[in-house]
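Everything below belongs to upload_17.txt, which stores compact mmCIF, C-alpha atoms.
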# COMPACT_ATOMS: atom_id res chain seq x y z
CA MET A 1336 70.28 143.96 120.35
CA ILE A 1337 68.80 145.14 123.63
CA SER A 1338 66.25 143.38 125.81
CA LEU A 1339 62.54 144.11 125.60
CA ASP A 1340 62.69 145.52 129.13
CA GLU A 1341 65.15 148.20 127.99
CA ALA A 1342 63.19 149.21 124.87
CA VAL A 1343 60.55 151.82 124.27
CA THR A 1344 58.06 151.91 121.44
CA ALA A 1345 58.39 154.42 118.62
CA ARG A 1346 55.09 154.78 116.73
CA LEU A 1347 54.25 156.33 113.39
CA GLU A 1348 50.75 156.58 111.91
CA SER A 1349 50.60 157.23 108.18
CA HIS A 1350 48.31 156.42 105.23
CA GLY A 1351 45.76 154.92 107.60
CA ALA A 1352 48.24 152.42 109.01
CA ARG A 1353 50.26 152.22 112.24
CA PHE A 1354 53.92 151.22 112.47
CA GLU A 1355 55.81 150.50 115.68
CA VAL A 1356 59.43 149.60 116.43
CA LEU A 1357 61.20 148.69 119.69
CA ILE A 1358 64.31 150.69 120.40
CA ASP A 1359 66.60 151.99 123.16
CA PRO A 1360 65.17 155.33 124.43
CA ASP A 1361 68.44 157.26 124.29
CA ALA A 1362 69.14 156.00 120.78
CA ALA A 1363 65.63 157.00 119.71
CA LEU A 1364 66.17 160.53 121.01
CA ALA A 1365 69.57 160.70 119.29
CA ILE A 1366 68.01 159.60 115.99
CA GLN A 1367 65.32 162.27 116.30
CA ARG A 1368 68.01 164.89 116.86
CA GLY A 1369 70.15 163.62 114.00
CA GLU A 1370 72.93 162.73 116.45
CA PHE A 1371 72.94 158.92 116.30
CA ASP A 1372 76.21 157.45 115.04
CA GLY A 1373 76.09 153.89 116.37
CA GLU A 1374 75.00 150.58 114.92
CA LEU A 1375 71.23 150.29 114.65
CA GLU A 1376 71.31 146.55 115.35
CA ASP A 1377 72.80 147.30 118.78
CA VAL A 1378 69.94 149.54 119.95
CA ILE A 1379 66.81 147.72 118.80
CA ALA A 1380 64.98 144.91 120.59
CA ALA A 1381 63.73 143.28 117.40
CA GLU A 1382 64.75 143.57 113.77
CA ASP A 1383 61.12 143.97 112.83
CA VAL A 1384 58.34 146.48 112.26
CA PHE A 1385 55.00 145.97 114.00
CA GLU A 1386 51.48 147.21 113.65
CA ASN A 1387 51.06 146.55 117.36
CA ALA A 1388 54.30 145.67 119.14
CA SER A 1389 52.65 144.53 122.38
CA ARG A 1390 50.65 141.90 120.50
CA GLY A 1391 53.33 141.13 117.94
CA ASP A 1392 51.04 142.04 115.03
CA ARG A 1393 52.79 143.03 111.81
CA PRO A 1394 51.58 145.43 109.11
CA ALA A 1395 50.92 144.33 105.57
CA GLU A 1396 53.95 144.41 103.29
CA SER A 1397 51.95 146.54 100.89
CA ASP A 1398 51.58 149.19 103.61
CA LEU A 1399 55.33 149.13 104.24
CA GLU A 1400 56.04 149.57 100.54
CA GLU A 1401 53.53 152.39 100.22
CA VAL A 1402 54.80 154.40 103.18
CA PHE A 1403 58.51 153.59 103.25
CA GLY A 1404 59.26 152.25 99.79
CA THR A 1405 60.80 149.11 101.30
CA THR A 1406 60.05 146.16 103.56
CA GLU A 1407 63.56 146.10 105.06
CA PRO A 1408 63.23 146.72 108.84
CA LEU A 1409 66.65 148.35 109.27
CA GLU A 1410 65.71 150.94 106.66
CA ILE A 1411 62.28 151.52 108.16
CA VAL A 1412 63.22 151.79 111.86
CA PRO A 1413 64.99 155.17 111.58
CA GLN A 1414 62.08 156.60 109.56
CA VAL A 1415 59.54 155.50 112.18
CA VAL A 1416 61.67 157.04 114.95
CA GLU A 1417 62.39 160.29 113.08
CA ASP A 1418 58.81 160.95 111.97
CA GLY A 1419 56.89 159.26 114.78
CA GLU A 1420 56.49 159.60 118.53
CA ILE A 1421 58.28 157.81 121.34
CA GLN A 1422 55.85 155.99 123.59
CA ILE A 1423 56.99 155.31 127.16
CA THR A 1424 55.15 153.88 130.13
CA ALA A 1425 55.11 155.50 133.54
CA GLU A 1426 57.53 152.83 134.78
CA GLN A 1427 59.90 153.37 131.86
CA ARG A 1428 59.81 157.12 132.44
CA ARG A 1429 60.62 156.63 136.13
CA GLU A 1430 63.55 154.33 135.32
CA MET A 1431 64.91 156.70 132.65
CA GLN A 1432 64.61 159.61 135.08
CA GLU A 1433 66.50 157.73 137.81
CA GLN A 1434 69.24 156.71 135.39
CA LYS A 1435 69.72 160.23 134.05
CA HIS A 1436 69.64 161.69 137.55
CA LYS A 1437 72.57 159.42 138.48
CA GLN A 1438 74.40 160.40 135.30
CA LEU A 1439 73.85 164.10 136.05
CA VAL A 1440 75.16 163.79 139.62
CA ASN A 1441 78.16 161.83 138.36
CA THR A 1442 78.92 164.45 135.68
CA ILE A 1443 78.75 167.31 138.19
CA THR A 1444 80.79 165.40 140.78
CA ARG A 1445 83.53 164.65 138.24
CA ASN A 1446 83.81 168.22 136.98
CA ALA A 1447 82.88 170.52 139.88
CA VAL A 1448 84.87 171.79 142.85
CA ASN A 1449 84.23 173.80 145.99
CA PRO A 1450 86.04 177.17 145.55
CA GLN A 1451 85.68 177.88 149.27
CA MET A 1452 87.57 174.71 150.23
CA ASP A 1453 90.72 175.01 148.10
CA ASP A 1454 88.88 173.61 145.08
CA ALA A 1455 88.17 170.30 146.80
CA PRO A 1456 85.70 168.01 145.01
CA HIS A 1457 82.08 167.91 146.15
CA PRO A 1458 80.93 164.46 147.36
CA PRO A 1459 78.03 163.02 145.31
CA GLU A 1460 75.83 163.04 148.41
CA ARG A 1461 76.23 166.82 148.73
CA ILE A 1462 75.24 167.31 145.10
CA GLU A 1463 72.24 165.01 145.61
CA ARG A 1464 71.03 166.94 148.66
CA ALA A 1465 71.47 170.33 147.01
CA LEU A 1466 69.58 169.27 143.88
CA GLU A 1467 66.77 167.98 146.04
CA GLU A 1468 66.74 171.17 148.12
CA GLY A 1469 66.61 173.24 144.95
CA GLY A 1470 63.75 171.17 143.56
CA PHE A 1471 65.61 170.20 140.38
CA THR A 1472 64.01 167.40 138.35
CA VAL A 1473 65.86 165.68 135.54
CA ASP A 1474 64.05 165.51 132.22
CA PRO A 1475 64.26 161.86 131.09
CA MET A 1476 63.74 162.87 127.46
CA GLU A 1477 66.68 165.27 127.27
CA PRO A 1478 70.44 164.50 127.14
CA VAL A 1479 72.21 164.89 130.48
CA GLU A 1480 74.74 167.27 128.90
CA SER A 1481 72.01 169.76 128.02
CA GLN A 1482 70.74 169.82 131.62
CA VAL A 1483 74.03 170.49 133.42
CA ASP A 1484 73.90 174.29 133.13
CA GLU A 1485 70.35 174.42 134.47
CA ALA A 1486 71.33 172.16 137.36
CA LEU A 1487 74.29 174.40 138.18
CA ASP A 1488 71.98 177.43 138.26
CA VAL A 1489 69.96 175.59 140.90
CA LEU A 1490 73.04 174.52 142.86
CA ARG A 1491 74.92 177.82 143.05
CA PRO A 1492 72.59 179.55 145.56
CA ILE A 1493 72.81 176.47 147.78
CA ILE A 1494 76.47 175.38 147.68
CA PRO A 1495 79.68 177.04 146.46
CA ILE A 1496 80.44 175.30 143.18
CA ARG A 1497 82.51 175.83 140.07
CA PHE A 1498 83.29 173.71 137.04
CA ASP A 1499 87.04 173.56 136.60
CA GLU A 1500 89.98 171.52 135.40
CA VAL A 1501 93.23 170.89 137.21
CA THR A 1502 96.72 170.22 135.89
CA MET A 1503 98.80 167.79 137.90
CA ALA A 1504 102.46 166.85 137.59
CA CYS A 1505 103.42 163.36 138.65
CA GLN A 1506 106.87 161.82 139.02
CA LEU A 1507 107.16 158.04 139.05
CA PRO A 1508 110.33 156.36 140.35
CA PRO A 1509 112.24 154.27 137.79
CA GLU A 1510 110.93 150.93 139.07
CA TYR A 1511 107.32 152.02 138.48
CA ALA A 1512 107.74 154.32 135.49
CA GLY A 1513 107.30 151.76 132.71
CA SER A 1514 103.90 150.35 133.64
CA GLY A 1515 102.67 153.27 135.72
CA GLN A 1516 103.00 156.01 133.13
CA ALA A 1517 100.75 154.11 130.70
CA LYS A 1518 97.86 154.22 133.18
CA ILE A 1519 98.45 157.82 134.22
CA ARG A 1520 98.56 159.14 130.67
CA GLU A 1521 95.11 157.59 130.08
CA PHE A 1522 93.59 159.35 133.10
CA GLY A 1523 93.25 162.68 131.34
CA GLU A 1524 94.88 164.82 128.68
CA LEU A 1525 98.65 164.35 128.75
CA GLU A 1526 100.11 167.82 128.23
CA ARG A 1527 103.82 167.12 128.74
CA GLU A 1528 106.10 164.28 129.70
CA GLU A 1529 109.80 163.81 130.34
CA TRP A 1530 111.98 160.79 130.99
CA GLN A 1531 114.64 161.68 133.54
CA SER A 1532 118.27 160.51 133.38
CA ASP A 1533 117.67 158.15 136.31
CA GLY A 1534 114.82 156.40 134.49
CA SER A 1535 112.01 158.13 136.36
CA TRP A 1536 109.07 159.61 134.45
CA VAL A 1537 107.44 163.00 134.89
CA GLY A 1538 104.08 163.65 133.28
CA VAL A 1539 101.70 166.60 133.31
CA VAL A 1540 98.04 165.61 133.03
CA ARG A 1541 94.93 167.80 132.82
CA PHE A 1542 91.57 166.43 133.96
CA PRO A 1543 88.30 167.55 135.61
CA ALA A 1544 89.06 169.01 139.02
CA GLY A 1545 86.51 166.78 140.72
CA LEU A 1546 88.67 163.75 139.95
CA GLN A 1547 91.66 164.77 142.06
CA ASP A 1548 91.05 162.12 144.70
CA ASP A 1549 90.74 159.45 141.99
CA PHE A 1550 94.02 160.65 140.48
CA TYR A 1551 95.85 160.43 143.81
CA ASP A 1552 94.45 156.93 144.32
CA LEU A 1553 95.68 155.85 140.89
CA VAL A 1554 99.15 157.32 141.40
CA ASN A 1555 99.49 155.61 144.76
CA GLU A 1556 98.30 152.34 143.26
CA VAL A 1557 100.76 152.28 140.36
CA SER A 1558 103.72 153.41 142.51
CA SER A 1559 103.03 151.71 145.84
CA GLY A 1560 102.75 155.19 147.30
CA GLU A 1561 106.24 156.27 146.24
CA ALA A 1562 105.32 158.76 143.50
CA GLU A 1563 105.33 162.52 143.95
CA THR A 1564 102.60 164.85 142.72
CA ARG A 1565 101.80 168.52 142.69
CA VAL A 1566 99.29 170.91 141.20
CA VAL A 1567 100.78 172.84 138.28
CA LYS A 1568 99.98 176.56 138.24
CA ASP A 1569 102.60 177.60 135.68
CA GLU A 1570 102.63 175.44 132.56
CA ASP A 1571 106.41 175.73 132.43
CA ASP A 1572 106.70 174.28 135.91
CA ILE A 1573 106.56 170.50 135.91
CA SER A 1574 108.54 169.90 139.07
CA THR A 1575 106.92 167.76 141.75
CA ARG A 1576 106.89 167.61 145.48

Rewritten as C-alpha cells:
Amino acid sequence: MISLDEAVTARLESHGARFEVLIDPDAALAIQRGEFDGELEDVIAAEDVFENASRGDRPAESDLEEVFGTTEPLEIVPQVVEDGEIQITAEQRREMQEQKHKQLVNTITRNAVNPQMDDAPHPPERIERALEEGGFTVDPMEPVESQVDEALDVLRPIIPIRFDEVTMACQLPPEYAGSGQAKIREFGELEREEWQSDGSWVGVVRFPAGLQDDFYDLVNEVSSGEAETRVVKDEDDISTR
C-alpha cells in the first residue's frame, strides 16, 4: 500500500450515492487508460471504499451491491477509477507536476545529444533552462512519455538537440573480464560479445546517446581505468582503442 500523502481520491457518483477510493495518481491514470498491469494492493492507500474519504464515512453495503454487484473493495476500486473522476488538491497537483517535470528532464537528458558538439550529451541544467525559456509546462495528468515530443518541439528552436542511440565497443582485460562484463552487458542492449584467446572480453553495447558519460564511468569503475572503448560506426567493427 501507499501512504495517504501519496494518494489522490477517485470519486464516482451513481444511483444517488457517492463512492470514493484512495489511490496512487499515476496508477489511477493507467487504470483509466486500460494500461495498468501492477498489483492493485500496491497502489491503494486503503483497501476500502468510502462515501467520504476525508471523513472516513463508508457507503451502505446495499448501495455497493446495487451499483457494483459486490462489496469486495478490490473489485470495486478499479470500477470507481475507470468510471469516476480523479480529485486532486492544488498541492497534490503541484507535487505531481514537479515530479513529472524531473522525469521529463531525466528522459530527455538520457536520450538526447548535441549534434553540434560531436553528439555530446546535454547537461540536465541546459535542458531545464531551455524548457523554461520556451515556456513548456508539464501536464501532471499525462504520462511523461506522451509529452516528450512536444517538449522537443519547444527545445529545438532554442538548443541543438537530437534523440539518438550510440553503439560502443568495450574491451576488458582478463583480470577484470569476469565480473566487469556482467555489469556492462546490463547497461544497455548487448549486440555482440567475444571472449579473446588471452581471456579478455569484448562487448558491443547499444544505449541512449545521452548516457555516454555514465558508460565511461562504469567501464573505468569495473576495470580500474584499464579498459579500452570506442564508438562503433560499422556493426562489423568491434575493435577498440

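Across the model, the gap from CA of Gln1367 in chain A to CA of Leu1439 in chain A is 21.6 Å.
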
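The spacing separating CA of Asp1499 in chain A from CA of Arg1445 in chain A amounts to 9.7 Å.
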
Checklist line | Which residue of A:Ile1443, A:Ala1363, A:Ala1517, A:Leu1357 approaches Phe1385 in chain A most closely, using all atoms listed in the file | finding: A:Leu1357

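Selection around (60.9, 143.5, 109.0) with radius 10 Å, counting only C-alpha atoms, yields the residues Val1356, Ala1381, Glu1382, Asp1383, Val1384, Phe1385, Arg1393, Pro1394, Glu1396, Leu1399, Thr1405, Thr1406, Glu1407, Pro1408, Leu1409, Glu1410, Ile1411 and Val1412 of chain A.
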
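CA of Ile1496 in chain A lies 10.7 Å from CA of Gly1545 in chain A.
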
Item checked: Near-Glu1433 in chain A list (12 Å; all atoms listed in the file; drop same-chain fewer than 6 positions) as a PyMOL selection string -> chain A and resi 1426-1427+1439-1440+1472-1476+1479

Could you pull the residues within 9 Å of Glu1526 in chain A, counting only C-alpha atoms, minus those fewer than 5 positions along the same chain, as a PDB file with C-alpha atoms, keeping the file's coordinate frame?
ATOM      1  CA  THR A1502      96.720 170.220 135.890  1.00  0.00           C
ATOM      2  CA  GLY A1538     104.080 163.650 133.280  1.00  0.00           C
ATOM      3  CA  VAL A1539     101.700 166.600 133.310  1.00  0.00           C
ATOM      4  CA  VAL A1540      98.040 165.610 133.030  1.00  0.00           C
ATOM      5  CA  ARG A1541      94.930 167.800 132.820  1.00  0.00           C
TER       6      ARG A1541
END

Note to self: Calculated over only C-alpha atoms, which of the candidates A:Ala1504, A:Ile1519, A:Ala1447, A:Met1452 has the smallest distance to Val1483 in chain A?
What the structure shows: A:Ala1447

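The shortest atom-to-atom distance to Ser1349 in chain A, with all atoms listed in the file taken into account, belongs to A:Glu1386 out of A:Glu1561, A:Glu1386, A:Asp1552, A:Glu1460.
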
Item checked: Within 10 Å of Phe1550 in chain A using all atoms listed in the file, minus same-chain residues under 2 positions, as number ranges by chain -> A: 1503, 1505, 1519, 1522-1523, 1540, 1542, 1544-1548, 1552-1556, 1564

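The shortest atom-to-atom distance to Ile1366 in chain A, with only C-alpha atoms taken into account, belongs to A:Gln1414 out of A:Gln1414, A:Ser1397, A:Ser1481, A:Gln1531.
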